[in-house]
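See structure below.
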Amino acid sequence: MDSAKAKTLGRAAACAAAASACMPAWLILRYGVDVPYSDQWNVAHFFEQAARGTLTFADLYAQQNEYRQLFPHLLFLGLGRLTGWNVKYEMCLSLLLACFVAYGVWRLGARTFSDPLRRGVLFLLACLLNFSAIQYDNWLFGVQVVYFVPIACVVAGLLFAYSEKVGTAAAVAACACLSVVSSFSSANGLVAWLVLPPALLAARPETRAGAWRWLALWCAALVLCAFVYAADYHHPESLPETSAALRRPLHALAYFVAYLGGPLAAGPRPLTVALAVGACALLLYAFAFTYVLRRRRDDTLVRRSAAWASLGAYSLVTGALVTVGRVGFGVAQATTTRYVGFSLYLLLGLVYLLPLIVEDAARRGYLKTSHLALLRRLGTAAAALLLLAHVVIFGLVVRHSAADWRRKLLREKACLLFINVAPDERCLTEGHFYYDVRALRERADALDRMHYLRPPLVKSAGMSELAAGGSCAEGSFRLTPAGGNTYVAEGFARLPRRGGEPADAVILSRGTTDEDQAAFALTELGARGGASWHKTFSSNAPPPNVTAWAFDAEEGKAYRLCGANSVDLPH
């Protein structure tokens, strides 16, 4: 193939790679919900403290689960103050950090391969992994910024290590500063201290002569960060004991392997796929690492491969930490999709390492022409399978996971908005929205006073303030006595504004007339048919005229169910 055609095809592949970032961007725009969720409520009180002038460094540094996420807290606070804490901007920040990682991969790839076609194709494969929809919960949960900060620091450190415009001392200092940021951003942040020195030594031969000096300082800084991190550290009660990995080593090994295969663990048997992919990836990395290690005197090979080996090591060391901390949950928990934000870099590193080794082996005459042709066909097949897997995973996520995530958060947002009028503790705690309803109410009220909740909390039970004009929603309503003072209300409800989507909740109201209807119960929609709802309630002295309304949590409006007339409770 002539060079002009190769350059054109390489550019086309690079453009396709850049376009792959549109997939998570679309997921955020389509399925992102502007409501704090789970651990984000631990950040909520920062805004009230900042407004009162009582926010301290200790508050920002305080342990969250097993994390010391000082720098993400600063990002959350600054971004929240600018946007009124619209958590969709945090999702966008995660995507921007992933884009920076992709940019770093492109720059490092340009230093690894000179052929524009190969460089473009490999970058496309790397981006398919980097922007995969399988980690949809990382894209759609703003607090997961903490997963993206450490790898962004590692990639930035690799760029400094390989930069010809930065002096050696400055590169080492920059990598150390980035490692500090990484250390106090996520539970795996200290890994940056371990994976960056090999890249510095490989990329800059001049660092080897006086390596003992700066490596001694590097190790001292690592120990200091670890000591500061561990000071006053306590093991979270919600997590299993770390000794489980020692008691059941085979389970720990299976967990570790499944974690490594997580980026492709889709389909009806994700654990089986994860174990197969993880085992292959681990063996290939071991082979690649051994190949380079045995030829460590070849400075060119070591320099070209060190960055990718470091990225793979990032996933491996993080996987060991995750295994120790989570294996007590069971092997299947290793396929949790949010861990893909840690594990994908092993496969990404192999995307570059394996062609590099094949090229070097062919140059040395280790491979016959027939063997080289076979390896090229296998590589092409693997690339095609990765592209197919990316498309299939995106379809599965859109059809099931992301849509379910959005519906769940909108239902919990509806419960949150009614927390002072018709509180439902089961609704607020069962879906991991937040474990402490009292603290949730206090923080929600504080955010509401600051206008950080959109729409605001419902202040009054009167339906006249919630009703969406003369509009009504498609639905049904049936009320039947269930014995004693207990009644069962049920039906289905769909929203008119959102193209017939199931309502986020159904409000039951009662009053002597249509004008004085007041909400008295909120019910979630069930899984049956997507739009069905069911509520059992008690009433000692029920007034007549009970009505049902479909509630839209995005706009904070209620639509009376069309064709569902008011029902008089039997006396």
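Residue numbering restarts at 1 for every chain of the structure tokens, chains are lettered A, B, ... in their displayed order, and ligands are numbered from 1 as they appear.
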
Go through stretch 57-133 of chain A residue by residue and, counting only C-alpha atoms, keep those with an atom at most 12 Å from stretch 360-382 of chain A; for each kept residue give the shortest atom pair and its distance in Å to one decimal, ordered by chain and increasing number, as a tab-separated table.
```
residue	atom	partner	partner_atom	distance
A:Thr112	CA	A:Asp360	CA	11.9
A:Phe113	CA	A:Asp360	CA	11.7
A:Arg118	CA	A:Thr380	CA	11.5
A:Val121	CA	A:Thr380	CA	10.3
A:Leu122	CA	A:Gly379	CA	10.8
A:Leu125	CA	A:Ala382	CA	10.0
```

Each stretch 281-372 of chain A residue no farther than 9 Å from stretch 249-272 of chain A, nearest pair in Å, only C-alpha atoms, as JSON lines:
```
{"residue": "A:Ala281", "atom": "CA", "partner": "A:Leu260", "partner_atom": "CA", "distance": 7.4}
{"residue": "A:Leu282", "atom": "CA", "partner": "A:Val257", "partner_atom": "CA", "distance": 7.6}
{"residue": "A:Ser315", "atom": "CA", "partner": "A:Leu260", "partner_atom": "CA", "distance": 7.6}
{"residue": "A:Leu316", "atom": "CA", "partner": "A:Leu260", "partner_atom": "CA", "distance": 7.7}
{"residue": "A:Gly319", "atom": "CA", "partner": "A:Phe256", "partner_atom": "CA", "distance": 6.1}
{"residue": "A:Ala320", "atom": "CA", "partner": "A:Phe256", "partner_atom": "CA", "distance": 6.7}
{"residue": "A:Val322", "atom": "CA", "partner": "A:Phe256", "partner_atom": "CA", "distance": 8.1}
{"residue": "A:Thr323", "atom": "CA", "partner": "A:Phe256", "partner_atom": "CA", "distance": 5.8}
{"residue": "A:Val324", "atom": "CA", "partner": "A:Ala252", "partner_atom": "CA", "distance": 7.5}
{"residue": "A:Arg326", "atom": "CA", "partner": "A:Tyr255", "partner_atom": "CA", "distance": 8.8}
{"residue": "A:Val327", "atom": "CA", "partner": "A:Ala252", "partner_atom": "CA", "distance": 6.0}
{"residue": "A:Gly328", "atom": "CA", "partner": "A:Ala252", "partner_atom": "CA", "distance": 8.8}
{"residue": "A:Gly330", "atom": "CA", "partner": "A:Tyr255", "partner_atom": "CA", "distance": 7.7}
{"residue": "A:Val331", "atom": "CA", "partner": "A:Tyr255", "partner_atom": "CA", "distance": 4.8}
{"residue": "A:Ala332", "atom": "CA", "partner": "A:Leu271", "partner_atom": "CA", "distance": 6.2}
{"residue": "A:Gln333", "atom": "CA", "partner": "A:Tyr255", "partner_atom": "CA", "distance": 7.9}
{"residue": "A:Ala334", "atom": "CA", "partner": "A:Tyr259", "partner_atom": "CA", "distance": 4.8}
{"residue": "A:Thr335", "atom": "CA", "partner": "A:Gly262", "partner_atom": "CA", "distance": 5.3}
{"residue": "A:Thr336", "atom": "CA", "partner": "A:Gly262", "partner_atom": "CA", "distance": 7.6}
{"residue": "A:Thr337", "atom": "CA", "partner": "A:Gly262", "partner_atom": "CA", "distance": 7.0}
{"residue": "A:Tyr339", "atom": "CA", "partner": "A:Tyr259", "partner_atom": "CA", "distance": 7.3}
{"residue": "A:Val340", "atom": "CA", "partner": "A:Pro263", "partner_atom": "CA", "distance": 5.4}
{"residue": "A:Gly341", "atom": "CA", "partner": "A:Pro263", "partner_atom": "CA", "distance": 8.6}
{"residue": "A:Phe342", "atom": "CA", "partner": "A:Leu260", "partner_atom": "CA", "distance": 8.9}
{"residue": "A:Ser343", "atom": "CA", "partner": "A:Leu260", "partner_atom": "CA", "distance": 5.4}
{"residue": "A:Leu344", "atom": "CA", "partner": "A:Pro263", "partner_atom": "CA", "distance": 5.7}
{"residue": "A:Leu346", "atom": "CA", "partner": "A:Leu260", "partner_atom": "CA", "distance": 7.4}
{"residue": "A:Leu347", "atom": "CA", "partner": "A:Pro263", "partner_atom": "CA", "distance": 8.3}
```

Practice task
Extract the full set of helix (DSSP H, G or I) residues from stretch 97-292 of chain A according to DSSP on the backbone, and format it as a ChimeraX atom specification.
Solution key: /A:97-112,116-130,133-139,142-162,168-183,191-203,206-209,211-230,244-247,249-260,262-264,270-292

Exercise for the section: Would you kindly return, as a PyMOL selection string, each protein, DNA or RNA residue with an atom no farther than 8 Å from any atom of A:Ala98, considering only C-alpha atoms and excluding same-chain residues fewer than 6 positions away? Expected result: chain A and resi 130-131+148+152

Residue selection dump (N, CA and C atoms) as a short mmCIF file (atom, residue, chain, number, x, y, z; two decimals), in the first residue's frame:
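Dumped everything to selection.cif:
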```
data_model
loop_
_atom_site.label_atom_id
_atom_site.label_comp_id
_atom_site.auth_asym_id
_atom_site.auth_seq_id
_atom_site.Cartn_x
_atom_site.Cartn_y
_atom_site.Cartn_z
N ASN A 130 -11.68 2.51 25.64
CA ASN A 130 -11.70 3.67 26.52
C ASN A 130 -13.09 4.27 26.66
N PHE A 131 -13.85 4.30 25.58
CA PHE A 131 -15.18 4.92 25.58
C PHE A 131 -16.31 3.90 25.57
N PHE A 148 -11.68 8.35 37.25
CA PHE A 148 -10.99 8.86 36.06
C PHE A 148 -9.77 9.72 36.41
N ALA A 152 -5.96 9.57 34.58
CA ALA A 152 -5.56 10.81 33.90
C ALA A 152 -4.21 11.28 34.41
#
```

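Of note, atom CA of A:Tyr103 and atom CA of A:Trp308 are spaced 14.4 Å apart.
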
Practice task
Check the smallest atom-to-atom distance from each of A:Cys153, A:Ala6, A:Ala161, A:Leu239 to A:Ser179 using only C-alpha atoms, then report the winner.
Solution key: A:Cys153

Handout entry: Close residues, A:Ala519 itself excluded, 10 Å, only C-alpha atoms, min 3 positions apart in chain, as a PyMOL selection string
Key = chain A and resi 418+421-422+460-463+466+507-511+516+522+546-549

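The closest residue to A:Leu356, picked from A:Leu453, A:Ala288, A:Ser182, A:Phe551 and counting only C-alpha atoms, is A:Ala288.
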
Compile the contact shell of stretch 42-57 of chain A as a short mmCIF file (atom, residue, chain, number, x, y, z; two decimals) with N, CA and C atoms, in the first residue's frame: residues with an atom at most 9 Å away, counting only C-alpha atoms, same-chain residues fewer than 4 positions apart removed.
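Written out: around.cif:
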```cif
data_model
loop_
_atom_site.label_atom_id
_atom_site.label_comp_id
_atom_site.auth_asym_id
_atom_site.auth_seq_id
_atom_site.Cartn_x
_atom_site.Cartn_y
_atom_site.Cartn_z
N PRO A 36 -28.60 14.17 42.92
CA PRO A 36 -27.55 13.46 43.66
C PRO A 36 -28.01 12.05 44.01
N SER A 38 -26.72 8.29 46.11
CA SER A 38 -25.81 7.48 46.92
C SER A 38 -24.69 8.34 47.53
N TYR A 61 -10.99 16.40 53.30
CA TYR A 61 -10.04 15.29 53.36
C TYR A 61 -10.63 14.04 54.03
N ALA A 62 -11.73 14.19 54.74
CA ALA A 62 -12.29 13.09 55.53
C ALA A 62 -12.54 11.86 54.66
N GLN A 64 -14.09 8.81 52.84
CA GLN A 64 -15.38 8.42 52.26
C GLN A 64 -15.26 6.96 51.83
N LEU A 70 -9.70 14.00 48.27
CA LEU A 70 -9.55 15.43 48.47
C LEU A 70 -9.68 16.20 47.16
N HIS A 73 -13.11 16.14 45.57
CA HIS A 73 -14.00 17.01 46.35
C HIS A 73 -13.84 18.47 45.93
N PHE A 76 -15.64 18.79 42.68
CA PHE A 76 -17.08 18.80 42.87
C PHE A 76 -17.55 20.15 43.42
N LEU A 77 -16.80 20.68 44.37
CA LEU A 77 -17.20 21.94 45.01
C LEU A 77 -17.12 23.09 44.02
N GLY A 80 -19.70 22.54 41.24
CA GLY A 80 -21.04 22.71 41.78
C GLY A 80 -21.40 24.15 42.01
N ARG A 81 -20.44 24.93 42.47
CA ARG A 81 -20.72 26.36 42.69
C ARG A 81 -20.99 27.07 41.37
N TRP A 85 -24.77 22.97 41.18
CA TRP A 85 -24.63 21.53 41.41
C TRP A 85 -25.56 20.71 40.53
N ARG A 443 -30.12 17.42 54.21
CA ARG A 443 -29.28 17.88 53.10
C ARG A 443 -30.12 18.32 51.90
N ALA A 444 -31.23 17.63 51.68
CA ALA A 444 -32.12 18.04 50.59
C ALA A 444 -32.72 19.41 50.87
N ALA A 446 -31.37 21.76 52.65
CA ALA A 446 -30.30 22.76 52.49
C ALA A 446 -30.06 23.05 51.01
N LEU A 447 -30.00 22.02 50.20
CA LEU A 447 -29.81 22.22 48.77
C LEU A 447 -30.97 22.99 48.16
N MET A 450 -30.73 26.61 48.67
CA MET A 450 -29.70 27.21 47.82
C MET A 450 -30.06 27.13 46.33
#
```

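One distance worth recording is that between atom CA of A:Pro496 and atom CA of A:Gly530, which is 15.2 Å.
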
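Each of A:Gln144, A:Ser185, A:Thr168, A:Ser238 was checked against A:Leu95 using only C-alpha atoms; the smallest atom-to-atom distance is that of A:Gln144.
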
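If only C-alpha atoms are the atoms counted, then among A:Tyr345, A:Tyr291, A:Phe477, A:Phe227 the closest residue to A:His534 is A:Phe477.
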
Exercise for the section: DSSP on the backbone, then: every residue of stretch 377-556 of chain A marked strand (DSSP E or B), written as a ChimeraX atom specification. Expected result: /A:462,467-481,486-494,502,505-510,518-523,525,532-538,546-552
